[in-house]
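Below: one structure, written as structure tokens.
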Amino acid sequence: MDRVKFNDALDLSRLVYGMWRLGDDADTSTGHIRNKISACLDQGITTMDQADIYGGYEAEEILGTALTPELRNQIEIVTKCDIVAPAGRYADAKVKHYDTSREHILSSVDHSLRLMKIDHIDLLLIHRPDPLMDHHETGAALDDIVKSGKVGAIGVSNFRPWDWDLLQSAMQQPLVTNQIEISLLHHAPFTNGDIAFHQMNGQPPMAWSPLGGGALFEARNAALRTALKTVGADHGVDEAAVAVAWLLAHPARILPVLGTNNLDRIARIGDAAKIQINRETWFDLYTHALGHEVA
């Protein structure tokens with residue numbers, strides 16, 4: 001499995017296992033969680049993507065029950081903060097909102113460390129742009145948690161380039177990645193400047209929902225799915241692997257985040273790294289996604 005180096009202290013597996021549905025599984029036992037992680041490690045997938053809000057603020061704790069010191073040393077943990085929703089420990093919140101205050105960030109990091117039973121987070125992401133963000137306060141808090149050793153590196157999620165620049169302007173630590181929605185069905189980032197911005201600055205983006213949240217396989221996308229199956233048949237993989245390989249082919253070094261609770265599907269995540277998508281195939285799939293040829 002290829003790896004992507006963000007700085008001298010952080011490199012992640014090119015494919016990332018997303019744990020946002022971890023708490024939705026009928027089986028959340030320690031053994032089952034460890035089986036999922038083992039299925040990832042068998043393919044060289046070492047990076048686990050979490051967020052404090054996942055599973056109604058319970059997914060981090062579910063992961064923590066399964067981690068041993070040996071297992072922790074084999075993986076990188078990404079988690080996120082700043083979404084406050086009326087659930088879990090924030091059940092009394094009057095309205096869903098974002099909180100990038102210093103107090104909330106520091107508290108969230110401590111909660112995540114405690115719930116996952118770890119002493120540091122490899123990569124912390126600010127989950128959503130906060131329209132009330134005081135970038136000086138937020139930036140200083142993020143710098144401080146890196147200096148403290150509790151967090152290895154800082155990134156963001158769902159930020160536009162101007163949101164990124166605002167936060168970075170008040171930080172000493174460099175932001176290293178932006179986790180945004182990218183897929184054949186959500187391809188706007190390839191043309192709206194989001195990917196170009198990070199590619200220009202050498203910041204590999206992470207892609208959430210790289211299969212369109214499953215919509216890729218719906219009847220309304222039959223033509224695209226047929227094209228994916230055709231490519232997959234030529235390489236001995238399924239259409240999901242082809243859709244992810246389409247992202248891997250881009251020079252921005254996109255890291256797709258894939259989440260499933262099915263062990264068989266987890267075991268096939270690495271298939272995407274086994275195939276190469278050439279330029280004509282890339283544009284053929286893109287044309288099907290657009291519904292028309294490029295101009």
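Numbering starts fresh at 1 for the residues of each chain in the structure tokens, the chains themselves are lettered A, B, ... in the order given, and ligands are numbered from 1 as they appear.
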
Self-check item: Which of segment 30-219 of chain A DSSP labels helix (DSSP H, G or I), written as a ChimeraX atom specification
Solution: /A:30-41,54-57,59-66,69-72,88-90,102-116,135-147,161-168,188-190,194-200,212-217,219

Which residues, written as an mmCIF file with N, CA and C atoms, in the first residue's frame, have at least one atom at most 12 Å from segment 61-66 of chain A, with only C-alpha atoms counted and residues fewer than 4 positions away on the same chain left out?
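Once written, out-v8.cif looks like this:
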data_model
loop_
_atom_site.group_PDB
_atom_site.id
_atom_site.type_symbol
_atom_site.label_atom_id
_atom_site.label_comp_id
_atom_site.auth_asym_id
_atom_site.auth_seq_id
_atom_site.Cartn_x
_atom_site.Cartn_y
_atom_site.Cartn_z
ATOM 1 N N GLY A 18 -12.746 4.487 7.132
ATOM 2 C CA GLY A 18 -13.622 5.420 7.819
ATOM 3 C C GLY A 18 -14.510 4.727 8.830
ATOM 4 N N MET A 19 -14.569 5.259 10.043
ATOM 5 C CA MET A 19 -15.292 4.613 11.144
ATOM 6 C C MET A 19 -16.568 5.340 11.537
ATOM 7 N N TRP A 20 -17.138 6.143 10.656
ATOM 8 C CA TRP A 20 -18.314 6.924 11.057
ATOM 9 C C TRP A 20 -19.537 6.042 11.305
ATOM 10 N N ARG A 21 -19.564 4.838 10.733
ATOM 11 C CA ARG A 21 -20.688 3.931 10.969
ATOM 12 C C ARG A 21 -20.352 2.830 11.975
ATOM 13 N N LEU A 22 -19.260 2.970 12.673
ATOM 14 C CA LEU A 22 -18.813 1.920 13.588
ATOM 15 C C LEU A 22 -19.887 1.549 14.599
ATOM 16 N N GLY A 23 -20.585 2.562 15.122
ATOM 17 C CA GLY A 23 -21.609 2.303 16.122
ATOM 18 C C GLY A 23 -22.918 1.803 15.559
ATOM 19 N N ASP A 24 -23.065 1.809 14.234
ATOM 20 C CA ASP A 24 -24.296 1.332 13.599
ATOM 21 C C ASP A 24 -24.322 -0.177 13.424
ATOM 22 N N ASP A 25 -23.165 -0.796 13.564
ATOM 23 C CA ASP A 25 -23.079 -2.240 13.371
ATOM 24 C C ASP A 25 -23.826 -2.973 14.488
ATOM 25 N N ASP A 27 -22.908 -5.618 15.704
ATOM 26 C CA ASP A 27 -21.868 -6.187 16.559
ATOM 27 C C ASP A 27 -20.793 -5.124 16.805
ATOM 28 N N THR A 28 -20.761 -4.582 17.996
ATOM 29 C CA THR A 28 -19.725 -3.607 18.349
ATOM 30 C C THR A 28 -18.762 -4.183 19.394
ATOM 31 N N SER A 29 -18.674 -5.498 19.412
ATOM 32 C CA SER A 29 -17.795 -6.153 20.379
ATOM 33 C C SER A 29 -16.333 -5.858 20.072
ATOM 34 N N THR A 30 -15.517 -5.987 21.110
ATOM 35 C CA THR A 30 -14.076 -5.757 20.974
ATOM 36 C C THR A 30 -13.477 -6.630 19.876
ATOM 37 N N GLY A 31 -13.846 -7.906 19.869
ATOM 38 C CA GLY A 31 -13.284 -8.820 18.877
ATOM 39 C C GLY A 31 -13.646 -8.434 17.461
ATOM 40 N N HIS A 32 -14.881 -7.985 17.249
ATOM 41 C CA HIS A 32 -15.315 -7.625 15.902
ATOM 42 C C HIS A 32 -14.611 -6.363 15.419
ATOM 43 N N ILE A 33 -14.437 -5.390 16.299
ATOM 44 C CA ILE A 33 -13.712 -4.172 15.926
ATOM 45 C C ILE A 33 -12.270 -4.513 15.571
ATOM 46 N N ARG A 34 -11.664 -5.390 16.357
ATOM 47 C CA ARG A 34 -10.282 -5.781 16.061
ATOM 48 C C ARG A 34 -10.191 -6.532 14.737
ATOM 49 N N ASN A 35 -11.212 -7.316 14.419
ATOM 50 C CA ASN A 35 -11.218 -8.012 13.125
ATOM 51 C C ASN A 35 -11.261 -7.020 11.962
ATOM 52 N N LYS A 36 -12.009 -5.943 12.137
ATOM 53 C CA LYS A 36 -12.070 -4.915 11.095
ATOM 54 C C LYS A 36 -10.694 -4.259 10.905
ATOM 55 N N ILE A 37 -10.069 -3.920 12.014
ATOM 56 C CA ILE A 37 -8.751 -3.287 11.928
ATOM 57 C C ILE A 37 -7.739 -4.256 11.322
ATOM 58 N N SER A 38 -7.805 -5.517 11.707
ATOM 59 C CA SER A 38 -6.888 -6.519 11.156
ATOM 60 C C SER A 38 -7.081 -6.678 9.653
ATOM 61 N N MET A 48 -6.988 5.136 10.395
ATOM 62 C CA MET A 48 -8.376 5.012 10.817
ATOM 63 C C MET A 48 -8.957 6.413 11.002
ATOM 64 N N ASP A 49 -10.079 6.668 10.365
ATOM 65 C CA ASP A 49 -10.692 7.996 10.397
ATOM 66 C C ASP A 49 -11.886 8.018 11.339
ATOM 67 N N GLN A 50 -11.824 8.887 12.333
ATOM 68 C CA GLN A 50 -12.851 9.034 13.350
ATOM 69 C C GLN A 50 -13.317 10.490 13.412
ATOM 70 N N ALA A 51 -14.308 10.743 14.250
ATOM 71 C CA ALA A 51 -14.736 12.097 14.613
ATOM 72 C C ALA A 51 -15.483 11.990 15.924
ATOM 73 N N ASP A 52 -15.398 13.043 16.733
ATOM 74 C CA ASP A 52 -16.065 12.964 18.030
ATOM 75 C C ASP A 52 -17.565 12.738 17.889
ATOM 76 N N ILE A 53 -18.183 13.299 16.828
ATOM 77 C CA ILE A 53 -19.629 13.213 16.658
ATOM 78 C C ILE A 53 -20.103 11.873 16.118
ATOM 79 N N TYR A 54 -19.214 11.070 15.557
ATOM 80 C CA TYR A 54 -19.651 9.817 14.939
ATOM 81 C C TYR A 54 -20.358 8.926 15.959
ATOM 82 N N GLY A 55 -21.448 8.305 15.496
ATOM 83 C CA GLY A 55 -22.208 7.416 16.357
ATOM 84 C C GLY A 55 -22.841 8.117 17.540
ATOM 85 N N GLY A 56 -23.231 9.383 17.335
ATOM 86 C CA GLY A 56 -23.805 10.123 18.458
ATOM 87 C C GLY A 56 -22.813 10.310 19.580
ATOM 88 N N TYR A 57 -21.549 10.583 19.208
ATOM 89 C CA TYR A 57 -20.433 10.778 20.141
ATOM 90 C C TYR A 57 -20.038 9.481 20.851
ATOM 91 N N GLU A 70 -0.211 -2.589 21.469
ATOM 92 C CA GLU A 70 0.382 -3.146 20.243
ATOM 93 C C GLU A 70 -0.401 -2.723 19.010
ATOM 94 N N LEU A 71 -1.729 -2.784 19.101
ATOM 95 C CA LEU A 71 -2.561 -2.410 17.970
ATOM 96 C C LEU A 71 -2.463 -0.908 17.710
ATOM 97 N N ARG A 72 -2.448 -0.123 18.769
ATOM 98 C CA ARG A 72 -2.332 1.335 18.605
ATOM 99 C C ARG A 72 -1.064 1.704 17.870
ATOM 100 N N ILE A 77 -4.399 7.458 13.892
ATOM 101 C CA ILE A 77 -5.772 7.844 14.200
ATOM 102 C C ILE A 77 -6.010 9.291 13.800
ATOM 103 N N THR A 79 -9.009 12.134 13.905
ATOM 104 C CA THR A 79 -10.327 12.443 14.447
ATOM 105 C C THR A 79 -10.612 13.924 14.248
ATOM 106 N N GLY A 88 -25.763 12.547 22.677
ATOM 107 C CA GLY A 88 -24.654 12.139 23.535
ATOM 108 C C GLY A 88 -24.357 13.155 24.617
ATOM 109 N N HIS A 111 -11.394 14.717 25.585
ATOM 110 C CA HIS A 111 -12.444 13.701 25.509
ATOM 111 C C HIS A 111 -12.030 12.583 24.555
ATOM 112 N N SER A 112 -11.532 12.948 23.394
ATOM 113 C CA SER A 112 -11.155 11.950 22.391
ATOM 114 C C SER A 112 -10.029 11.058 22.891
ATOM 115 N N LEU A 113 -9.042 11.659 23.534
ATOM 116 C CA LEU A 113 -7.935 10.874 24.078
ATOM 117 C C LEU A 113 -8.429 9.892 25.129
ATOM 118 N N ARG A 114 -9.319 10.367 25.984
ATOM 119 C CA ARG A 114 -9.829 9.509 27.055
ATOM 120 C C ARG A 114 -10.692 8.383 26.498
ATOM 121 N N LEU A 115 -11.589 8.710 25.570
ATOM 122 C CA LEU A 115 -12.501 7.708 25.036
ATOM 123 C C LEU A 115 -11.769 6.636 24.234
ATOM 124 N N MET A 116 -10.752 7.053 23.483
ATOM 125 C CA MET A 116 -10.009 6.074 22.677
ATOM 126 C C MET A 116 -8.858 5.442 23.453
ATOM 127 N N LYS A 117 -8.642 5.919 24.681
ATOM 128 C CA LYS A 117 -7.599 5.373 25.566
ATOM 129 C C LYS A 117 -6.222 5.454 24.908
ATOM 130 N N ILE A 118 -5.931 6.626 24.361
ATOM 131 C CA ILE A 118 -4.650 6.847 23.692
ATOM 132 C C ILE A 118 -3.999 8.093 24.283
ATOM 133 N N ASP A 119 -2.702 8.282 24.021
ATOM 134 C CA ASP A 119 -2.016 9.444 24.576
ATOM 135 C C ASP A 119 -1.773 10.541 23.548
#

Self-check item: Spatial neighbours of segment 107-110 of chain A, max dist 12 Å, only C-alpha atoms, sep filter under 3 positions, as JSON, numbers by chain
Solution: {"A": [51, 52, 53, 57, 60, 78, 79, 80, 81, 82, 83, 84, 89, 90, 99, 100, 101, 102, 103, 104, 113, 114, 115, 116, 117, 118, 119, 120, 121, 122, 123, 124, 125, 126, 127, 141, 142, 144, 145, 146, 148, 149, 150, 151, 152, 154]}

Take the residues from that selection and put them in a file with C-alpha atoms, as an mmCIF file, in the first residue's frame.
data_model
loop_
_atom_site.group_PDB
_atom_site.id
_atom_site.type_symbol
_atom_site.label_atom_id
_atom_site.label_comp_id
_atom_site.auth_asym_id
_atom_site.auth_seq_id
_atom_site.Cartn_x
_atom_site.Cartn_y
_atom_site.Cartn_z
ATOM 1 C CA ALA A 51 -14.736 12.097 14.613
ATOM 2 C CA ASP A 52 -16.065 12.964 18.030
ATOM 3 C CA ILE A 53 -19.629 13.213 16.658
ATOM 4 C CA TYR A 57 -20.433 10.778 20.141
ATOM 5 C CA GLU A 60 -14.460 6.897 19.500
ATOM 6 C CA VAL A 78 -7.489 10.794 12.563
ATOM 7 C CA THR A 79 -10.327 12.443 14.447
ATOM 8 C CA LYS A 80 -12.327 15.661 14.246
ATOM 9 C CA CYS A 81 -14.039 18.220 16.443
ATOM 10 C CA ASP A 82 -16.199 21.375 16.435
ATOM 11 C CA ILE A 83 -19.679 19.994 15.631
ATOM 12 C CA VAL A 84 -22.045 20.260 18.598
ATOM 13 C CA ARG A 89 -22.699 14.408 25.845
ATOM 14 C CA TYR A 90 -24.260 17.446 24.141
ATOM 15 C CA ASP A 99 -17.687 25.598 18.183
ATOM 16 C CA THR A 100 -14.080 26.488 17.403
ATOM 17 C CA SER A 101 -13.428 28.237 20.698
ATOM 18 C CA ARG A 102 -10.243 27.418 22.568
ATOM 19 C CA GLU A 103 -12.202 25.887 25.448
ATOM 20 C CA HIS A 104 -14.157 23.576 23.162
ATOM 21 C CA LEU A 113 -7.935 10.874 24.078
ATOM 22 C CA ARG A 114 -9.829 9.509 27.055
ATOM 23 C CA LEU A 115 -12.501 7.708 25.036
ATOM 24 C CA MET A 116 -10.009 6.074 22.677
ATOM 25 C CA LYS A 117 -7.599 5.373 25.566
ATOM 26 C CA ILE A 118 -4.650 6.847 23.692
ATOM 27 C CA ASP A 119 -2.016 9.444 24.576
ATOM 28 C CA HIS A 120 -1.975 11.305 21.268
ATOM 29 C CA ILE A 121 -4.017 11.883 18.119
ATOM 30 C CA ASP A 122 -2.015 11.608 14.932
ATOM 31 C CA LEU A 123 -4.145 14.086 12.972
ATOM 32 C CA LEU A 124 -6.891 16.374 14.253
ATOM 33 C CA LEU A 125 -9.300 18.000 11.804
ATOM 34 C CA ILE A 126 -11.627 20.937 12.361
ATOM 35 C CA HIS A 127 -14.781 19.249 11.079
ATOM 36 C CA ALA A 141 -5.423 26.677 20.464
ATOM 37 C CA LEU A 142 -4.476 24.344 17.614
ATOM 38 C CA ASP A 144 -0.840 24.746 21.553
ATOM 39 C CA ILE A 145 -2.263 21.220 21.329
ATOM 40 C CA VAL A 146 0.465 20.294 18.855
ATOM 41 C CA SER A 148 1.633 19.800 24.050
ATOM 42 C CA GLY A 149 2.168 16.510 22.194
ATOM 43 C CA LYS A 150 -1.514 15.594 22.362
ATOM 44 C CA VAL A 151 -1.893 16.039 18.601
ATOM 45 C CA GLY A 152 0.668 15.333 15.899
ATOM 46 C CA ILE A 154 -3.653 19.686 12.208
#

Exercise. Skip Thr177 of chain A itself and residues of its chain fewer than 4 positions away, then list as JSON, numbers by chain all residues within 12 Å of it, counting only C-alpha atoms.
Key: {"A": [4, 5, 6, 7, 10, 11, 12, 78, 123, 124, 125, 126, 127, 153, 154, 155, 156, 157, 158, 159, 160, 161, 164, 168, 194, 195, 197, 198, 199, 201, 202, 203, 204, 205, 206, 207, 252, 253, 254, 255]}

Can you write out the residues you just picked, keeping C-alpha atoms, as a PDB file, in the first residue's frame?
ATOM      1  CA  VAL A   4       1.482   9.756   1.736  1.00  0.00           C
ATOM      2  CA  LYS A   5       3.952  11.835   3.719  1.00  0.00           C
ATOM      3  CA  PHE A   6       2.560  15.053   5.195  1.00  0.00           C
ATOM      4  CA  ASN A   7       5.548  16.063   7.311  1.00  0.00           C
ATOM      5  CA  LEU A  10       3.144  12.061   9.823  1.00  0.00           C
ATOM      6  CA  ASP A  11       2.524   9.720   6.935  1.00  0.00           C
ATOM      7  CA  LEU A  12      -0.775   7.951   6.248  1.00  0.00           C
ATOM      8  CA  VAL A  78      -7.489  10.794  12.563  1.00  0.00           C
ATOM      9  CA  LEU A 123      -4.145  14.086  12.972  1.00  0.00           C
ATOM     10  CA  LEU A 124      -6.891  16.374  14.253  1.00  0.00           C
ATOM     11  CA  LEU A 125      -9.300  18.000  11.804  1.00  0.00           C
ATOM     12  CA  ILE A 126     -11.627  20.937  12.361  1.00  0.00           C
ATOM     13  CA  HIS A 127     -14.781  19.249  11.079  1.00  0.00           C
ATOM     14  CA  ALA A 153      -0.688  17.479  13.060  1.00  0.00           C
ATOM     15  CA  ILE A 154      -3.653  19.686  12.208  1.00  0.00           C
ATOM     16  CA  GLY A 155      -5.968  19.702   9.205  1.00  0.00           C
ATOM     17  CA  VAL A 156      -9.520  20.696   8.361  1.00  0.00           C
ATOM     18  CA  SER A 157     -12.603  19.211   6.759  1.00  0.00           C
ATOM     19  CA  ASN A 158     -15.131  20.764   4.367  1.00  0.00           C
ATOM     20  CA  PHE A 159     -13.162  24.029   4.170  1.00  0.00           C
ATOM     21  CA  ARG A 160     -13.044  26.202   1.063  1.00  0.00           C
ATOM     22  CA  PRO A 161      -9.708  27.773   0.136  1.00  0.00           C
ATOM     23  CA  TRP A 164      -8.226  27.506   4.935  1.00  0.00           C
ATOM     24  CA  GLN A 168      -3.700  29.291   8.478  1.00  0.00           C
ATOM     25  CA  ASP A 194     -10.773  23.179  -4.242  1.00  0.00           C
ATOM     26  CA  ILE A 195      -8.412  20.475  -5.482  1.00  0.00           C
ATOM     27  CA  PHE A 197      -5.730  25.025  -4.398  1.00  0.00           C
ATOM     28  CA  HIS A 198      -4.378  22.105  -2.390  1.00  0.00           C
ATOM     29  CA  GLN A 199      -2.506  20.578  -5.305  1.00  0.00           C
ATOM     30  CA  ASN A 201       0.275  24.087  -2.253  1.00  0.00           C
ATOM     31  CA  GLY A 202       1.315  20.427  -1.956  1.00  0.00           C
ATOM     32  CA  GLN A 203      -1.413  19.477   0.537  1.00  0.00           C
ATOM     33  CA  PRO A 204      -2.873  16.037  -0.275  1.00  0.00           C
ATOM     34  CA  PRO A 205      -6.660  16.169   0.230  1.00  0.00           C
ATOM     35  CA  MET A 206      -8.698  13.415   1.833  1.00  0.00           C
ATOM     36  CA  ALA A 207     -11.941  12.346   0.129  1.00  0.00           C
ATOM     37  CA  ALA A 252      -3.210  15.709  -6.189  1.00  0.00           C
ATOM     38  CA  ARG A 253      -2.558  12.474  -4.216  1.00  0.00           C
ATOM     39  CA  ILE A 254      -6.116  12.151  -2.926  1.00  0.00           C
ATOM     40  CA  LEU A 255      -6.627   9.829   0.072  1.00  0.00           C
TER      41      LEU A 255
END

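The strand (DSSP E) portion of segment 172-230 of chain A consists of Leu175, Val176, Thr177, Asn178, Gln179, Ile180, Glu181, Met206, Ala207 and Trp208 of chain A, with states taken from DSSP on the backbone.
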
Could those selected residues go to a file with N, CA and C atoms, as a short mmCIF file (atom, residue, chain, number, x, y, z; two decimals), in the first residue's frame?
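Result saved to out_13.cif:
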data_model
loop_
_atom_site.label_atom_id
_atom_site.label_comp_id
_atom_site.auth_asym_id
_atom_site.auth_seq_id
_atom_site.Cartn_x
_atom_site.Cartn_y
_atom_site.Cartn_z
N LEU A 175 -1.28 23.74 8.33
CA LEU A 175 -2.38 22.81 8.08
C LEU A 175 -1.92 21.82 7.02
N VAL A 176 -2.24 20.54 7.19
CA VAL A 176 -1.65 19.54 6.29
C VAL A 176 -2.63 18.92 5.31
N THR A 177 -3.94 18.97 5.60
CA THR A 177 -4.89 18.35 4.68
C THR A 177 -6.28 18.92 4.88
N ASN A 178 -7.12 18.73 3.88
CA ASN A 178 -8.53 19.12 3.94
C ASN A 178 -9.34 17.91 3.49
N GLN A 179 -10.20 17.42 4.38
CA GLN A 179 -11.05 16.27 4.02
C GLN A 179 -12.36 16.81 3.46
N ILE A 180 -12.56 16.58 2.16
CA ILE A 180 -13.73 17.11 1.47
C ILE A 180 -14.45 15.99 0.72
N GLU A 181 -15.67 16.25 0.32
CA GLU A 181 -16.42 15.25 -0.45
C GLU A 181 -15.92 15.25 -1.89
N MET A 206 -8.02 14.66 1.53
CA MET A 206 -8.70 13.42 1.83
C MET A 206 -10.10 13.50 1.24
N ALA A 207 -10.63 12.37 0.79
CA ALA A 207 -11.94 12.35 0.13
C ALA A 207 -12.93 11.56 0.96
N TRP A 208 -13.95 12.26 1.50
CA TRP A 208 -15.01 11.50 2.16
C TRP A 208 -16.11 11.17 1.16
#

Give me the segment 158-257 of chain A side of the contact with segment 279-294 of chain A, cut-off 9 Å, one line per residue showing its nearest atom pair and distance in Å at one decimal, counting only C-alpha atoms, sorted by chain and residue number, as CSV.
residue,atom,partner,partner_atom,distance
A:Leu184,CA,A:Ala289,CA,5.9
A:Leu185,CA,A:Ala289,CA,6.2
A:His186,CA,A:Ala289,CA,8.9
A:His187,CA,A:Ala289,CA,8.3
A:Asn221,CA,A:Ala289,CA,8.3
A:Ala223,CA,A:His288,CA,6.8
A:Leu224,CA,A:His288,CA,5.2
A:Arg225,CA,A:His288,CA,9.0
A:Ala227,CA,A:Leu285,CA,6.7
A:Leu228,CA,A:Leu285,CA,7.2
A:Val231,CA,A:Thr281,CA,8.1
A:Ala243,CA,A:Leu285,CA,8.6
A:Trp246,CA,A:Trp282,CA,6.3
A:Ala249,CA,A:Trp282,CA,7.9

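One finds atom CA of Ile75 of chain A at 25.3 Å from atom CA of Ser183 of chain A.
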
Exercise. Might you pull out every residue within 10 Å of segment 264-269 of chain A, with only C-alpha atoms counted and same-chain residues fewer than 6 positions away left off, and present them as a ChimeraX atom specification?
Key: /A:15-17,35-43,45,237-238,240-241,244,257-258

Take the residues from that selection and put them in a file with C-alpha atoms, as a PDB file, in the first residue's frame.
ATOM      1  CA  LEU A  15      -6.455   4.364   1.519  1.00  0.00           C
ATOM      2  CA  VAL A  16      -8.131   5.224   4.820  1.00  0.00           C
ATOM      3  CA  TYR A  17     -10.711   3.226   6.768  1.00  0.00           C
ATOM      4  CA  ASN A  35     -11.218  -8.012  13.125  1.00  0.00           C
ATOM      5  CA  LYS A  36     -12.070  -4.915  11.095  1.00  0.00           C
ATOM      6  CA  ILE A  37      -8.751  -3.287  11.928  1.00  0.00           C
ATOM      7  CA  SER A  38      -6.888  -6.519  11.156  1.00  0.00           C
ATOM      8  CA  ALA A  39      -8.623  -6.756   7.772  1.00  0.00           C
ATOM      9  CA  CYS A  40      -7.329  -3.260   7.047  1.00  0.00           C
ATOM     10  CA  LEU A  41      -3.807  -3.975   8.280  1.00  0.00           C
ATOM     11  CA  ASP A  42      -3.635  -7.094   6.106  1.00  0.00           C
ATOM     12  CA  GLN A  43      -3.901  -4.755   3.093  1.00  0.00           C
ATOM     13  CA  ILE A  45      -4.343   0.207   5.400  1.00  0.00           C
ATOM     14  CA  VAL A 237     -12.023  -6.030  -9.451  1.00  0.00           C
ATOM     15  CA  ASP A 238     -15.516  -4.714  -8.744  1.00  0.00           C
ATOM     16  CA  ALA A 240     -16.346   0.166  -6.302  1.00  0.00           C
ATOM     17  CA  ALA A 241     -12.613  -0.456  -6.634  1.00  0.00           C
ATOM     18  CA  VAL A 244     -11.825   4.647  -5.926  1.00  0.00           C
ATOM     19  CA  VAL A 257     -11.814   7.438   3.123  1.00  0.00           C
ATOM     20  CA  LEU A 258     -13.933   4.284   2.852  1.00  0.00           C
TER      21      LEU A 258
END

Quiz item: How far is it from atom CA of Gln173 of chain A to atom CA of Leu106 of chain A, in Å with one decimal?
Solution: 16.3 Å

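Picture a line from atom CA of Thr47 of chain A to atom CA of Glu76 of chain A; it runs 4.7 Å.
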
Exercise. Please provide as a list in words all residues within 10 Å of Leu166 of chain A, with the sequence filter that same-chain residues fewer than 4 positions apart are discarded (counting only C-alpha atoms).
Key: Met133, Asp134, His135, His136, Gly139, Pro161, Trp162, Ala170 and Met171 of chain A

Self-check item: Nearest-residue call for Leu248 of chain A, choices A:Thr46, A:Thr226, A:Asn262, A:Asn278, using only C-alpha atoms
Solution: A:Asn278

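Of the residues listed (A:Pro86, A:Ala272, A:Glu239, A:Ala93), A:Glu239 shows the shortest atom-to-atom separation from Ala222 of chain A; distances use only C-alpha atoms.
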